[in-house]
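**Q** What follows is work_37.tsv; its format and atoms are TSV, C-alpha atoms and all ligand atoms.
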```tsv
chain	number	residue	atom	x	y	z
A	669	MET	CA	105.53	77.02	129.03
A	670	ILE	CA	104.53	77.21	125.36
A	671	ILE	CA	104.02	80.34	123.23
A	672	ASP	CA	102.43	80.08	119.77
A	673	VAL	CA	103.94	82.99	117.83
A	674	HIS	CA	101.59	82.83	114.88
A	675	ASN	CA	97.83	82.62	114.93
A	676	HIS	CA	94.78	84.68	113.99
A	677	PRO	CA	91.35	85.56	115.41
A	678	ASP	CA	88.13	84.20	113.83
A	679	TRP	CA	90.24	81.83	111.73
A	680	HIS	CA	89.19	78.40	110.44
A	681	GLY	CA	85.91	78.53	112.37
A	682	TYR	CA	87.40	79.37	115.77
A	683	ASP	CA	85.83	82.10	117.86
A	684	LEU	CA	87.42	83.29	121.10
A	685	ASN	CA	85.99	80.53	123.31
A	686	ARG	CA	86.98	77.71	120.95
A	687	PHE	CA	90.37	79.33	120.47
A	688	VAL	CA	91.16	79.46	124.19
A	689	ALA	CA	89.83	75.92	124.74
A	690	ASN	CA	92.08	74.74	121.90
A	691	MET	CA	95.10	76.46	123.46
A	692	ASP	CA	94.32	74.68	126.74
A	693	GLU	CA	94.04	71.31	124.98
A	694	ASN	CA	97.44	71.79	123.40
A	695	GLY	CA	99.22	73.20	126.44
A	696	ILE	CA	99.67	76.64	124.89
A	697	ASP	CA	99.94	79.44	127.44
A	698	LYS	CA	100.03	82.44	125.12
A	699	THR	CA	99.44	83.19	121.46
A	700	TRP	CA	100.74	86.05	119.36
A	701	LEU	CA	97.57	87.19	117.62
A	702	LEU	CA	98.27	88.59	114.17
A	703	SER	CA	96.21	90.69	111.79
A	704	TRP	CA	96.21	90.23	108.02
A	705	GLU	CA	95.28	93.56	106.53
A	706	SER	CA	95.44	93.87	102.76
A	707	PRO	CA	93.46	95.24	99.82
A	708	ASN	CA	90.66	92.83	99.00
A	709	HIS	CA	92.02	92.18	95.51
A	710	GLU	CA	95.36	90.99	96.92
A	711	TYR	CA	94.35	87.78	98.61
A	712	ASN	CA	93.27	84.41	97.38
A	713	PRO	CA	89.45	84.03	97.47
A	714	ILE	CA	89.80	80.54	99.01
A	715	TYR	CA	90.25	82.37	102.29
A	716	ILE	CA	86.68	83.65	102.08
A	717	ASP	CA	85.60	80.27	103.44
A	718	LEU	CA	87.77	80.73	106.49
A	719	ILE	CA	86.91	84.30	107.38
A	720	PRO	CA	83.34	85.20	108.21
A	721	ASN	CA	83.38	88.89	107.60
A	722	PRO	CA	86.28	90.40	105.70
A	723	GLY	CA	86.07	94.15	105.99
A	724	PRO	CA	87.56	97.10	104.18
A	725	ASP	CA	90.93	96.45	105.85
A	726	GLY	CA	91.16	92.93	104.43
A	727	PRO	CA	90.74	89.38	105.71
A	728	ILE	CA	91.73	89.79	109.38
A	729	SER	CA	91.49	93.27	110.76
A	730	PHE	CA	93.40	94.61	113.73
A	731	ALA	CA	89.99	95.30	115.31
A	732	ARG	CA	89.40	91.52	115.63
A	733	CYS	CA	92.83	90.98	117.24
A	734	LEU	CA	92.10	93.79	119.67
A	735	SER	CA	88.72	92.32	120.55
A	736	TYR	CA	90.34	89.02	121.60
A	737	ALA	CA	93.18	90.70	123.49
A	738	GLU	CA	90.76	92.94	125.38
A	739	ARG	CA	88.50	90.06	126.38
A	740	CYS	CA	91.32	87.70	127.30
A	741	PRO	CA	94.45	89.79	127.89
A	742	GLU	CA	96.36	87.13	129.83
A	743	ARG	CA	96.37	84.70	126.88
A	744	PHE	CA	97.20	86.89	123.90
A	745	VAL	CA	100.07	89.07	122.72
A	746	LEU	CA	98.67	91.72	120.43
A	747	GLY	CA	99.92	91.96	116.84
A	748	TYR	CA	99.12	94.41	114.07
A	749	ALA	CA	100.54	95.06	110.61
A	750	PRO	CA	98.97	97.90	108.68
A	751	ASP	CA	99.57	97.80	104.93
A	752	PRO	CA	102.73	99.89	104.76
A	753	ARG	CA	101.77	101.27	101.34
A	754	GLN	CA	98.78	103.03	102.84
A	755	PRO	CA	99.30	106.64	103.91
A	756	PHE	CA	100.20	107.07	107.58
A	757	ALA	CA	100.88	103.36	108.15
A	758	VAL	CA	103.73	104.10	110.56
A	759	GLN	CA	101.60	106.60	112.44
A	760	LYS	CA	98.74	104.06	112.69
A	761	LEU	CA	101.08	101.41	114.02
A	762	ARG	CA	102.68	103.79	116.50
A	763	ALA	CA	99.27	104.84	117.79
A	764	ALA	CA	98.25	101.19	118.21
A	765	VAL	CA	101.47	100.51	120.14
A	766	GLU	CA	100.94	103.48	122.44
A	767	ILE	CA	97.20	103.15	122.94
A	768	TYR	CA	96.53	99.40	122.76
A	769	GLY	CA	99.90	97.87	123.62
A	770	VAL	CA	100.72	96.18	120.29
A	771	ARG	CA	103.92	94.14	120.71
A	772	VAL	CA	104.34	92.43	117.32
A	773	CYS	CA	104.16	93.67	113.71
A	774	GLY	CA	102.44	90.93	111.73
A	775	GLU	CA	101.41	89.37	109.63
A	776	ILE	CA	102.66	91.16	106.52
A	777	LYS	CA	101.12	89.17	103.67
A	778	LEU	CA	100.80	91.35	100.62
A	779	ARG	CA	101.44	91.34	96.88
A	780	MET	CA	104.33	93.66	97.62
A	781	PHE	CA	108.07	93.11	97.50
A	782	LEU	CA	109.23	92.97	101.08
A	783	ASP	CA	111.94	95.57	100.42
A	784	ASN	CA	109.36	98.14	99.33
A	785	TRP	CA	110.52	101.63	100.44
A	786	ASP	CA	107.42	102.29	102.50
A	787	ALA	CA	107.72	98.91	104.18
A	788	LEU	CA	111.34	99.69	105.14
A	789	ASP	CA	110.08	102.78	106.99
A	790	MET	CA	107.66	100.63	108.94
A	791	TYR	CA	110.31	98.00	109.76
A	792	ARG	CA	112.64	100.74	111.02
A	793	TYR	CA	109.94	102.03	113.33
A	794	CYS	CA	109.47	98.44	114.56
A	795	GLY	CA	113.18	98.29	115.36
A	796	GLU	CA	112.90	101.48	117.44
A	797	ALA	CA	109.74	100.30	119.19
A	798	GLY	CA	111.02	96.74	119.82
A	799	LEU	CA	108.40	94.97	117.69
A	800	PRO	CA	109.48	91.83	115.82
A	801	VAL	CA	108.16	91.73	112.24
A	802	ILE	CA	106.49	88.58	110.84
A	803	VAL	CA	106.41	88.26	107.08
A	804	HIS	CA	104.73	85.83	104.71
A	805	LEU	CA	106.63	84.88	101.56
A	806	ASP	CA	105.14	82.86	98.69
A	807	TYR	CA	106.65	82.76	95.23
A	808	ARG	CA	104.64	83.08	92.06
A	809	LEU	CA	104.88	79.45	91.04
A	810	TYR	CA	105.15	78.37	87.44
A	811	SER	CA	103.96	75.09	86.01
A	812	ALA	CA	104.79	73.43	82.73
A	813	GLY	CA	101.26	72.06	82.60
A	814	SER	CA	99.46	75.39	82.53
A	815	ASN	CA	100.09	76.48	78.93
A	816	GLY	CA	103.17	78.30	80.05
A	817	ALA	CA	101.14	80.66	82.20
A	818	TYR	CA	101.73	81.12	85.87
A	819	HIS	CA	99.26	79.16	87.92
A	820	GLN	CA	99.78	80.71	91.31
A	821	ASP	CA	98.36	84.18	91.16
A	822	TRP	CA	98.64	84.83	94.85
A	823	TRP	CA	102.28	85.55	95.47
A	824	TYR	CA	103.20	87.43	98.59
A	825	GLY	CA	106.38	89.28	99.50
A	826	GLY	CA	108.39	88.45	96.36
A	827	ALA	CA	111.61	86.43	96.32
A	828	ILE	CA	113.90	85.52	99.21
A	829	GLU	CA	116.29	88.23	97.98
A	830	ASN	CA	113.62	90.89	98.62
A	831	PHE	CA	113.39	89.65	102.18
A	832	ALA	CA	117.18	89.58	102.55
A	833	ASN	CA	117.38	93.19	101.34
A	834	ALA	CA	114.87	94.24	104.00
A	835	ILE	CA	116.72	92.40	106.76
A	836	ALA	CA	120.03	93.95	105.69
A	837	ALA	CA	118.50	97.44	105.48
A	838	CYS	CA	117.04	97.25	109.01
A	839	PRO	CA	119.68	95.70	111.28
A	840	GLU	CA	117.95	96.98	114.42
A	841	THR	CA	114.72	95.15	113.54
A	842	ASN	CA	114.10	91.47	114.28
A	843	PHE	CA	112.31	89.58	111.51
A	844	LEU	CA	110.55	86.22	111.53
A	845	GLY	CA	110.35	84.46	108.18
A	846	HIS	CA	107.28	82.36	107.44
A	847	SER	CA	105.55	80.37	104.67
A	848	SER	CA	106.64	78.39	101.68
A	849	GLY	CA	108.76	81.00	99.89
A	850	PHE	CA	110.88	81.29	103.01
A	851	TRP	CA	111.04	77.67	104.12
A	852	SER	CA	111.68	76.22	100.65
A	853	HIS	CA	115.15	77.80	100.91
A	854	ILE	CA	116.09	75.54	103.79
A	855	SER	CA	117.31	73.38	100.90
A	856	GLY	CA	119.73	74.27	98.13
A	857	ASP	CA	117.51	72.75	95.44
A	858	ASP	CA	115.26	74.74	93.09
A	859	GLN	CA	111.90	73.28	94.14
A	860	TYR	CA	110.94	76.78	95.32
A	861	LEU	CA	110.26	77.64	91.67
A	862	THR	CA	107.67	74.91	91.13
A	863	GLU	CA	106.50	73.42	94.44
A	864	PHE	CA	104.52	75.00	97.23
A	865	PHE	CA	106.02	72.59	99.76
A	866	GLY	CA	109.41	71.08	98.98
A	867	SER	CA	110.04	67.39	99.56
A	868	GLY	CA	112.86	64.91	99.82
A	869	LYS	CA	116.25	65.18	101.49
A	870	VAL	CA	117.40	68.72	102.18
A	871	GLN	CA	120.25	69.67	99.86
A	872	PRO	CA	123.22	71.74	101.05
A	873	GLY	CA	123.45	75.40	100.15
A	874	GLY	CA	120.01	76.59	101.25
A	875	LYS	CA	119.72	80.38	101.15
A	876	LEU	CA	117.79	80.39	104.43
A	877	ILE	CA	120.82	78.86	106.16
A	878	ALA	CA	123.16	81.44	104.63
A	879	MET	CA	120.83	84.23	105.74
A	880	LEU	CA	120.69	82.95	109.31
A	881	ASP	CA	124.49	82.93	109.36
A	882	LYS	CA	124.71	86.41	107.90
A	883	TYR	CA	121.88	88.23	109.70
A	884	PRO	CA	121.59	87.95	113.48
A	885	ASN	CA	118.21	89.74	113.27
A	886	LEU	CA	116.55	86.88	111.33
A	887	TYR	CA	114.37	84.30	113.10
A	888	CYS	CA	112.31	81.38	111.78
A	889	ASP	CA	108.57	80.92	112.38
A	890	ILE	CA	107.80	77.20	111.95
A	891	SER	CA	104.02	77.68	111.78
A	892	GLY	CA	101.71	76.32	109.10
A	893	GLY	CA	102.16	73.48	106.65
A	894	SER	CA	105.20	75.28	105.24
A	895	GLY	CA	107.37	75.27	108.36
A	896	TYR	CA	106.13	71.82	109.28
A	897	SER	CA	106.88	70.20	105.93
A	898	ALA	CA	110.25	71.95	105.57
A	899	LEU	CA	111.34	70.22	108.78
A	900	LYS	CA	109.43	66.99	108.24
A	901	ARG	CA	110.87	66.36	104.76
A	902	ASP	CA	114.22	65.44	106.32
A	903	PRO	CA	113.97	64.80	110.07
A	904	GLU	CA	117.67	64.10	110.40
A	905	PHE	CA	118.50	67.48	108.90
A	906	ALA	CA	115.73	69.12	110.93
A	907	ARG	CA	117.20	67.89	114.20
A	908	ARG	CA	120.64	69.27	113.34
A	909	PHE	CA	119.12	72.53	112.07
A	910	LEU	CA	117.07	73.05	115.24
A	911	ILE	CA	120.12	72.43	117.41
A	912	ASP	CA	122.42	74.66	115.33
A	913	TYR	CA	119.88	77.50	115.20
A	914	GLN	CA	118.22	76.88	118.55
A	915	ASP	CA	118.35	80.61	119.38
A	916	ARG	CA	116.55	81.62	116.18
A	917	VAL	CA	113.55	79.30	115.81
A	918	CYS	CA	110.08	79.92	117.26
A	919	TYR	CA	107.15	77.55	117.64
A	920	GLY	CA	103.92	78.65	115.95
A	921	ARG	CA	100.84	77.10	114.35
A	922	ASP	CA	98.82	79.45	112.09
A	923	TYR	CA	96.11	76.84	112.65
A	924	PHE	CA	94.58	74.80	115.46
A	925	ASP	CA	96.16	71.36	115.18
A	926	ASN	CA	99.11	69.95	117.10
A	927	ILE	CA	101.36	68.63	114.31
A	928	HIS	CA	104.28	70.91	115.14
A	929	GLN	CA	104.46	69.83	118.78
A	930	GLU	CA	104.13	66.17	117.82
A	931	PHE	CA	106.99	66.48	115.36
A	932	LEU	CA	109.28	68.54	117.61
A	933	ASN	CA	108.71	66.15	120.48
A	934	SER	CA	109.57	63.16	118.26
A	935	LEU	CA	113.08	64.44	117.44
A	936	ASP	CA	114.68	63.64	120.78
A	937	LEU	CA	115.96	67.21	121.11
A	938	PRO	CA	117.67	68.32	124.33
A	939	GLN	CA	115.17	69.95	126.70
A	940	GLY	CA	117.15	73.21	126.59
A	941	VAL	CA	116.65	73.38	122.81
A	942	LEU	CA	112.94	72.63	123.06
A	943	ASP	CA	112.51	75.32	125.73
A	944	LYS	CA	114.05	77.93	123.44
A	945	ILE	CA	111.86	76.94	120.50
A	946	TYR	CA	108.68	76.64	122.55
A	947	TYR	CA	108.97	79.91	124.47
A	948	LYS	CA	112.35	81.34	125.38
A	949	ASN	CA	113.07	82.80	121.93
A	950	ALA	CA	109.57	84.29	121.84
A	951	LEU	CA	110.17	85.84	125.27
A	952	LYS	CA	113.48	87.24	124.04
A	953	LEU	CA	111.67	88.90	121.12
A	954	VAL	CA	108.69	90.05	123.18
A	955	PRO	CA	109.40	90.05	126.92
A	956	LEU	CA	106.19	89.68	128.90
A	1001	ZN	ZN	99.32	83.52	109.31
```
Write out the structure in this file as structure tokens.
Ligand SMILES: [Zn+2]
**A**
Amino acid sequence: MIIDVHNHPDWHGYDLNRFVANMDENGIDKTWLLSWESPNHEYNPIYIDLIPNPGPDGPISFARCLSYAERCPERFVLGYAPDPRQPFAVQKLRAAVEIYGVRVCGEIKLRMFLDNWDALDMYRYCGEAGLPVIVHLDYRLYSAGSNGAYHQDWWYGGAIENFANAIAACPETNFLGHSSGFWSHISGDDQYLTEFFGSGKVQPGGKLIAMLDKYPNLYCDISGGSGYSALKRDPEFARRFLIDYQDRVCYGRDYFDNIHQEFLNSLDLPQGVLDKIYYKNALKLVPL
């Protein structure tokens, strides 16, 4: 069995039929289908090319996730993350859990520090309701070549410390970390300040490792180019990491290719480890 814990409806040109056919091609049984609700001024306009009809709720509304889940309930696990800064966010999420069967809170991808007070309220509700929380973290990157100005205007979530504060403040809530600002800390180097995807041998002392050791409620979402390249940059380290943290890593894509499976399958991991990454950890977080 394979569960993809991170994907989106109407994303990169895929409608429901293409999406399900693509899952079949790649042996994926179920997908966690995540919204991306945000104010329209808080996301990078490059995404306009990928999303046919962004509405007032942002690039990927919960309504689109619900449409897929209603038409094909056996293949999708319903996700929803309202913007926690909006009034009544917790009430909206609770209503969606009770009425529509939302099981996951995600994706939270906002120009907001992840330890925002209103967000903490939402995470605490997720802990009570048994929803894992998926967050997107990208630093504001600086470049020497841009006249000293920042060149990456589309930061999300803040620094890894903001995420750590949230995890510590909500011990009953399970979190999945995702994207470059999270995965760059697999390594103890400081590439996270300048590079979107780190490269080269992983250095000891990565903050992500320390957080996994400190917080049992932290999990890793390997989806996207970020999770992929963080593992791929040092396959020897990746193999050891995936074995050491086999109970805390989940397979996901955030896209429609098969690079993550190809890489995982190339590492000669024990079948028991692969089973946890491919579906058992996801089932632990969201029993079906
Ligand atoms: Zn995503």
**Q** For Ala832 in chain A, which residue among A:Asp783, A:Asp806, A:Glu930, A:Asp858 is the nearest when counting all atoms listed in the file?
**A**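 Of all the options, A:Asp783 lies closest to Ala832 in chain A.
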**Q** Kindly provide the residues of chain A that approach ligand ZN 1001 (chain A) to within 8 Å, each paired with its closest atom pair and their distance in Å to one decimal, based on all atoms listed in the file, listed by chain and increasing number, as a Markdown table.
**A**
```
| residue | atom | partner | partner_atom | distance |
| --- | --- | --- | --- | --- |
| A:His674 | CA | A:ZN1001 | ZN | 6.1 |
| A:Asn675 | CA | A:ZN1001 | ZN | 5.9 |
| A:His676 | CA | A:ZN1001 | ZN | 6.6 |
| A:Leu702 | CA | A:ZN1001 | ZN | 7.1 |
| A:Trp704 | CA | A:ZN1001 | ZN | 7.5 |
| A:Glu775 | CA | A:ZN1001 | ZN | 6.2 |
| A:His804 | CA | A:ZN1001 | ZN | 7.5 |
| A:Ser891 | CA | A:ZN1001 | ZN | 7.9 |
| A:Gly892 | CA | A:ZN1001 | ZN | 7.6 |
| A:Asp922 | CA | A:ZN1001 | ZN | 5.0 |
```
**Q** State, in Å with one decimal place, the distance from CA of Trp823 in chain A to CA of Tyr913 in chain A.
**A** 27.6 Å
**Q** Which is closer to Asn694 in chain A than all the others in A:Tyr682, A:Gly940, A:Asp672, A:Leu734, using only C-alpha atoms?
**A**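 Of A:Tyr682, A:Gly940, A:Asp672, A:Leu734, the one nearest Asn694 in chain A, counting only C-alpha atoms, is A:Asp672.
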**Q** Quick one: what's the axis-aligned box for range 887-901 of chain A, all listed atoms, 4 Å on every side, centre and edges in Å to one decimal, as lines of an AutoDock Vina configuration file?
**A**
```
center_x = 108.0
center_y = 75.3
center_z = 108.9
size_x = 20.7
size_y = 25.9
size_z = 16.3
```
**Q** Report as a list in words all protein, DNA and RNA residues lying within 8 Å of range 849-853 of chain A, evaluated on only C-alpha atoms, omitting residues in the same chain fewer than 2 positions from it.
**A**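 The residues satisfying every condition are His804, Leu805, Asp806, Tyr807, Ala827, Ile828, Gly845, His846, Ser847, Ser855, Gly856, Asp857, Gln859, Tyr860, Phe864, Phe865, Gly866, Gly874, Lys875, Leu876, Ile877, Ser894, Gly895 and Ala898 of chain A.
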**Q** Using only C-alpha atoms, find the one residue out of A:Cys794, A:Ile776, A:Val758, A:Ile945 that sits nearest to Gly826 in chain A.
**A**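 Nearest candidate to Gly826 in chain A out of A:Cys794, A:Ile776, A:Val758, A:Ile945: A:Ile776.
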**Q** Go through A:Leu746, A:Ala731, A:Leu778, A:Cys740 one by one, measure the shortest atom-to-atom distance of each to Asn708 in chain A using only C-alpha atoms, and give the residue with the smallest value.
**A**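 Closest residue, counting only C-alpha atoms: A:Leu778.
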**Q** Expressed in Å to a single decimal, how great is the separation between CA of Val673 in chain A and CA of Ala906 in chain A?
**A**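 CA of Ala906 in chain A lies at a distance of 19.5 Å from CA of Val673 in chain A.
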**Q** Enter the distance from CA of Pro800 in chain A to CA of Arg901 in chain A, in Å, rounded to one decimal.
**A**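 Calculated distance between CA of Pro800 in chain A and CA of Arg901 in chain A is 27.8 Å.
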**Q** Between A:Arg921, A:Gln914, A:Ile854, A:Ser703, which one has atoms that come closest to Leu899 in chain A, using all atoms listed in the file?
**A**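 Counting all atoms listed in the file, the residue closest to Leu899 in chain A is A:Ile854.
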**Q** Will you model all heavy atoms for range 724-735 of chain A and pass it back as a CSV table (one decimal), keeping the file's coordinate frame?
**A**
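Final file, rebuild38.csv:
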```
chain,number,residue,atom,x,y,z
A,724,PRO,N,86.8,96.3,105.1
A,724,PRO,CA,87.6,97.1,104.2
A,724,PRO,C,89.1,97.0,104.4
A,724,PRO,O,89.8,97.3,103.5
A,724,PRO,CB,87.0,98.5,104.5
A,724,PRO,CG,86.4,98.4,105.8
A,724,PRO,CD,85.9,97.0,106.0
A,725,ASP,N,89.5,96.6,105.6
A,725,ASP,CA,90.9,96.4,105.8
A,725,ASP,C,91.5,95.1,105.4
A,725,ASP,O,92.7,94.9,105.6
A,725,ASP,CB,91.2,96.7,107.3
A,725,ASP,CG,90.9,98.1,107.8
A,725,ASP,OD1,91.1,99.0,107.0
A,725,ASP,OD2,90.5,98.2,108.9
A,726,GLY,N,90.6,94.2,104.9
A,726,GLY,CA,91.2,92.9,104.4
A,726,GLY,C,90.7,91.8,105.3
A,726,GLY,O,89.7,91.9,106.0
A,727,PRO,N,91.3,90.6,105.1
A,727,PRO,CA,90.7,89.4,105.7
A,727,PRO,C,90.7,89.4,107.2
A,727,PRO,O,89.7,88.9,107.8
A,727,PRO,CB,91.7,88.3,105.3
A,727,PRO,CG,92.6,88.9,104.2
A,727,PRO,CD,92.5,90.4,104.3
A,728,ILE,N,91.7,89.9,107.9
A,728,ILE,CA,91.7,89.8,109.4
A,728,ILE,C,92.2,91.2,109.9
A,728,ILE,O,93.3,91.5,109.9
A,728,ILE,CB,92.7,88.7,109.9
A,728,ILE,CG1,92.3,87.3,109.3
A,728,ILE,CG2,92.7,88.6,111.4
A,728,ILE,CD1,93.3,86.2,109.5
A,729,SER,N,91.2,91.9,110.4
A,729,SER,CA,91.5,93.3,110.8
A,729,SER,C,92.1,93.3,112.2
A,729,SER,O,91.9,92.4,113.0
A,729,SER,CB,90.2,94.1,110.8
A,729,SER,OG,89.4,93.7,111.8
A,730,PHE,N,92.8,94.4,112.4
A,730,PHE,CA,93.4,94.6,113.7
A,730,PHE,C,92.3,94.7,114.8
A,730,PHE,O,92.5,94.2,115.9
A,730,PHE,CB,94.2,95.9,113.7
A,730,PHE,CG,94.6,96.3,115.1
A,730,PHE,CD1,95.5,95.5,115.9
A,730,PHE,CD2,94.2,97.6,115.6
A,730,PHE,CE1,95.9,95.9,117.1
A,730,PHE,CE2,94.6,97.9,116.9
A,730,PHE,CZ,95.4,97.1,117.7
A,731,ALA,N,91.1,95.2,114.4
A,731,ALA,CA,90.0,95.3,115.3
A,731,ALA,C,89.6,93.9,115.9
A,731,ALA,O,89.3,93.8,117.1
A,731,ALA,CB,88.8,95.9,114.6
A,732,ARG,N,89.7,92.9,115.1
A,732,ARG,CA,89.4,91.5,115.6
A,732,ARG,C,90.5,91.0,116.6
A,732,ARG,O,90.2,90.4,117.6
A,732,ARG,CB,89.2,90.5,114.5
A,732,ARG,CG,88.1,90.8,113.5
A,732,ARG,CD,86.8,91.1,114.3
A,732,ARG,NE,86.4,89.9,115.1
A,732,ARG,CZ,85.7,90.0,116.3
A,732,ARG,NH1,85.3,91.2,116.7
A,732,ARG,NH2,85.4,88.9,116.9
A,733,CYS,N,91.7,91.3,116.3
A,733,CYS,CA,92.8,91.0,117.2
A,733,CYS,C,92.6,91.7,118.6
A,733,CYS,O,92.7,91.1,119.6
A,733,CYS,CB,94.2,91.4,116.7
A,733,CYS,SG,94.6,90.6,115.1
A,734,LEU,N,92.3,93.0,118.5
A,734,LEU,CA,92.1,93.8,119.7
A,734,LEU,C,90.9,93.3,120.5
A,734,LEU,O,91.0,93.2,121.7
A,734,LEU,CB,91.9,95.2,119.3
A,734,LEU,CG,91.7,96.3,120.4
A,734,LEU,CD1,93.0,96.3,121.3
A,734,LEU,CD2,91.4,97.6,119.8
A,735,SER,N,89.9,92.8,119.8
A,735,SER,CA,88.7,92.3,120.6
A,735,SER,C,89.1,91.1,121.4
A,735,SER,O,88.7,91.0,122.6
A,735,SER,CB,87.6,91.9,119.6
A,735,SER,OG,86.6,91.2,120.2
```
